[in-house]
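Enquirer: One file is attached below, query03.cif, containing mmCIF, C-alpha atoms; chains and numbers go by the auth columns.
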```
data_upload
loop_
_atom_site.group_PDB
_atom_site.id
_atom_site.type_symbol
_atom_site.label_atom_id
_atom_site.label_comp_id
_atom_site.label_asym_id
_atom_site.label_seq_id
_atom_site.Cartn_x
_atom_site.Cartn_y
_atom_site.Cartn_z
_atom_site.B_iso_or_equiv
_atom_site.auth_seq_id
_atom_site.auth_asym_id
ATOM 1 C CA MET A 1 78.305 -0.689 -190.998 0.00 1 A
ATOM 2 C CA ASN A 2 79.465 0.428 -187.562 0.00 2 A
ATOM 3 C CA LYS A 3 82.799 -1.247 -186.705 0.00 3 A
ATOM 4 C CA THR A 4 81.621 -2.498 -183.297 0.00 4 A
ATOM 5 C CA LEU A 5 78.430 -3.971 -184.732 0.00 5 A
ATOM 6 C CA LYS A 6 80.366 -5.596 -187.567 0.00 6 A
ATOM 7 C CA ASN A 7 82.722 -7.205 -185.054 0.00 7 A
ATOM 8 C CA ASP A 8 79.740 -8.412 -183.011 0.00 8 A
ATOM 9 C CA LEU A 9 78.134 -9.880 -186.114 0.00 9 A
ATOM 10 C CA THR A 10 81.348 -11.707 -186.951 0.00 10 A
ATOM 11 C CA ALA A 11 81.541 -13.130 -183.422 0.00 11 A
ATOM 12 C CA ILE A 12 77.789 -13.682 -182.909 0.00 12 A
ATOM 13 C CA HIS A 13 78.156 -17.415 -182.265 0.00 13 A
ATOM 14 C CA GLU A 14 80.747 -16.842 -179.541 0.00 14 A
ATOM 15 C CA LEU A 15 78.699 -14.015 -178.007 0.00 15 A
ATOM 16 C CA LEU A 16 75.571 -16.152 -177.865 0.00 16 A
ATOM 17 C CA GLU A 17 77.507 -19.119 -176.480 0.00 17 A
ATOM 18 C CA ASN A 18 78.986 -16.954 -173.703 0.00 18 A
ATOM 19 C CA THR A 19 75.569 -15.485 -172.912 0.00 19 A
ATOM 20 C CA PHE A 20 74.085 -18.982 -172.730 0.00 20 A
ATOM 21 C CA HIS A 21 76.776 -20.244 -170.339 0.00 21 A
ATOM 22 C CA GLN A 22 76.502 -17.181 -168.107 0.00 22 A
ATOM 23 C CA SER A 23 72.724 -17.612 -167.979 0.00 23 A
ATOM 24 C CA ILE A 24 72.976 -21.282 -167.061 0.00 24 A
ATOM 25 C CA ASP A 25 75.581 -20.480 -164.394 0.00 25 A
ATOM 26 C CA PHE A 26 73.294 -17.807 -162.957 0.00 26 A
ATOM 27 C CA LEU A 27 70.316 -20.161 -162.798 0.00 27 A
ATOM 28 C CA ASN A 28 72.367 -23.011 -161.325 0.00 28 A
ATOM 29 C CA ASN A 29 73.602 -20.766 -158.501 0.00 29 A
ATOM 30 C CA LEU A 30 70.340 -18.953 -157.832 0.00 30 A
ATOM 31 C CA ASP A 31 69.653 -20.886 -154.603 0.00 31 A
ATOM 32 C CA SER A 32 72.909 -19.717 -153.044 0.00 32 A
ATOM 33 C CA MET A 33 72.569 -16.032 -153.977 0.00 33 A
ATOM 34 C CA SER A 34 71.710 -13.452 -151.382 0.00 34 A
ATOM 35 C CA THR A 35 68.304 -11.837 -151.753 0.00 35 A
ATOM 36 C CA CYS A 36 69.522 -8.526 -150.409 0.00 36 A
ATOM 37 C CA CYS A 37 72.684 -6.600 -149.762 0.00 37 A
ATOM 38 C CA GLN A 38 74.481 -6.798 -146.418 0.00 38 A
ATOM 39 C CA LEU A 39 74.421 -3.491 -144.561 0.00 39 A
ATOM 40 C CA THR A 40 76.821 -2.446 -141.855 0.00 40 A
ATOM 41 C CA GLN A 41 75.358 -1.552 -138.462 0.00 41 A
ATOM 42 C CA GLN A 42 75.965 2.132 -139.226 0.00 42 A
ATOM 43 C CA GLN A 43 74.054 1.833 -142.516 0.00 43 A
ATOM 44 C CA GLN A 44 71.200 0.016 -140.771 0.00 44 A
ATOM 45 C CA ASN A 45 70.997 2.727 -138.119 0.00 45 A
ATOM 46 C CA SER A 46 70.784 5.451 -140.771 0.00 46 A
ATOM 47 C CA LEU A 47 67.684 3.921 -142.394 0.00 47 A
ATOM 48 C CA PRO A 48 64.318 5.451 -141.556 0.00 48 A
ATOM 49 C CA GLN A 49 62.323 3.457 -139.031 0.00 49 A
ATOM 50 C CA LEU A 50 59.110 2.078 -140.496 0.00 50 A
ATOM 51 C CA ASN A 51 56.260 1.181 -138.189 0.00 51 A
ATOM 52 C CA LEU A 52 54.825 -1.749 -140.085 0.00 52 A
ATOM 53 C CA PRO A 53 51.837 -3.693 -138.771 0.00 53 A
ATOM 54 C CA GLU A 54 52.350 -7.180 -137.369 0.00 54 A
ATOM 55 C CA GLN A 55 49.708 -8.534 -139.783 0.00 55 A
ATOM 56 C CA GLY A 56 48.683 -7.563 -143.288 0.00 56 A
ATOM 57 C CA LEU A 57 45.313 -6.237 -144.336 0.00 57 A
ATOM 58 C CA ALA A 58 42.452 -8.732 -144.296 0.00 58 A
ATOM 59 C CA ASP A 59 40.078 -8.886 -147.247 0.00 59 A
#
```
Go through the file and emit its structure as structure tokens.

Expert:
Amino acid sequence: MNKTLKNDLTAIHELLENTFHQSIDFLNNLDSMSTCCQLTQQQQNSLPQLNLPEQGLAD
């Protein structure tokens, strides 16, 4: 068996426990996470300008 996989199998309980705690931490802090990255003014100015409509399409 591959050495790395064998080590993972030996430590599977610890790996799963760490994954569980990281997942719970992520979900508990989801409300405070940014939904997008913060761009500098220079980065914002370099983006293409999109002429989006004020309202969406009506069905």

Enquirer: Interatomic distance between atom CA of Asn2 of chain A and atom CA of Asn18 of chain A?

Expert: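 Here the two named atoms are 22.2 Å from each other.
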
Enquirer: In Å, with one decimal, what is the gap from atom CA of Gln38 of chain A to atom CA of Asp25 of chain A?

Expert: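 Computing the Euclidean distance for atom CA of Gln38 of chain A and atom CA of Asp25 of chain A yields 22.6 Å.
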
Enquirer: Suppose you want the space between atom CA of Leu16 of chain A and atom CA of Thr4 of chain A; what is it in Å?

Expert: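 So the two atoms, atom CA of Leu16 of chain A and atom CA of Thr4 of chain A, lie 15.9 Å apart.
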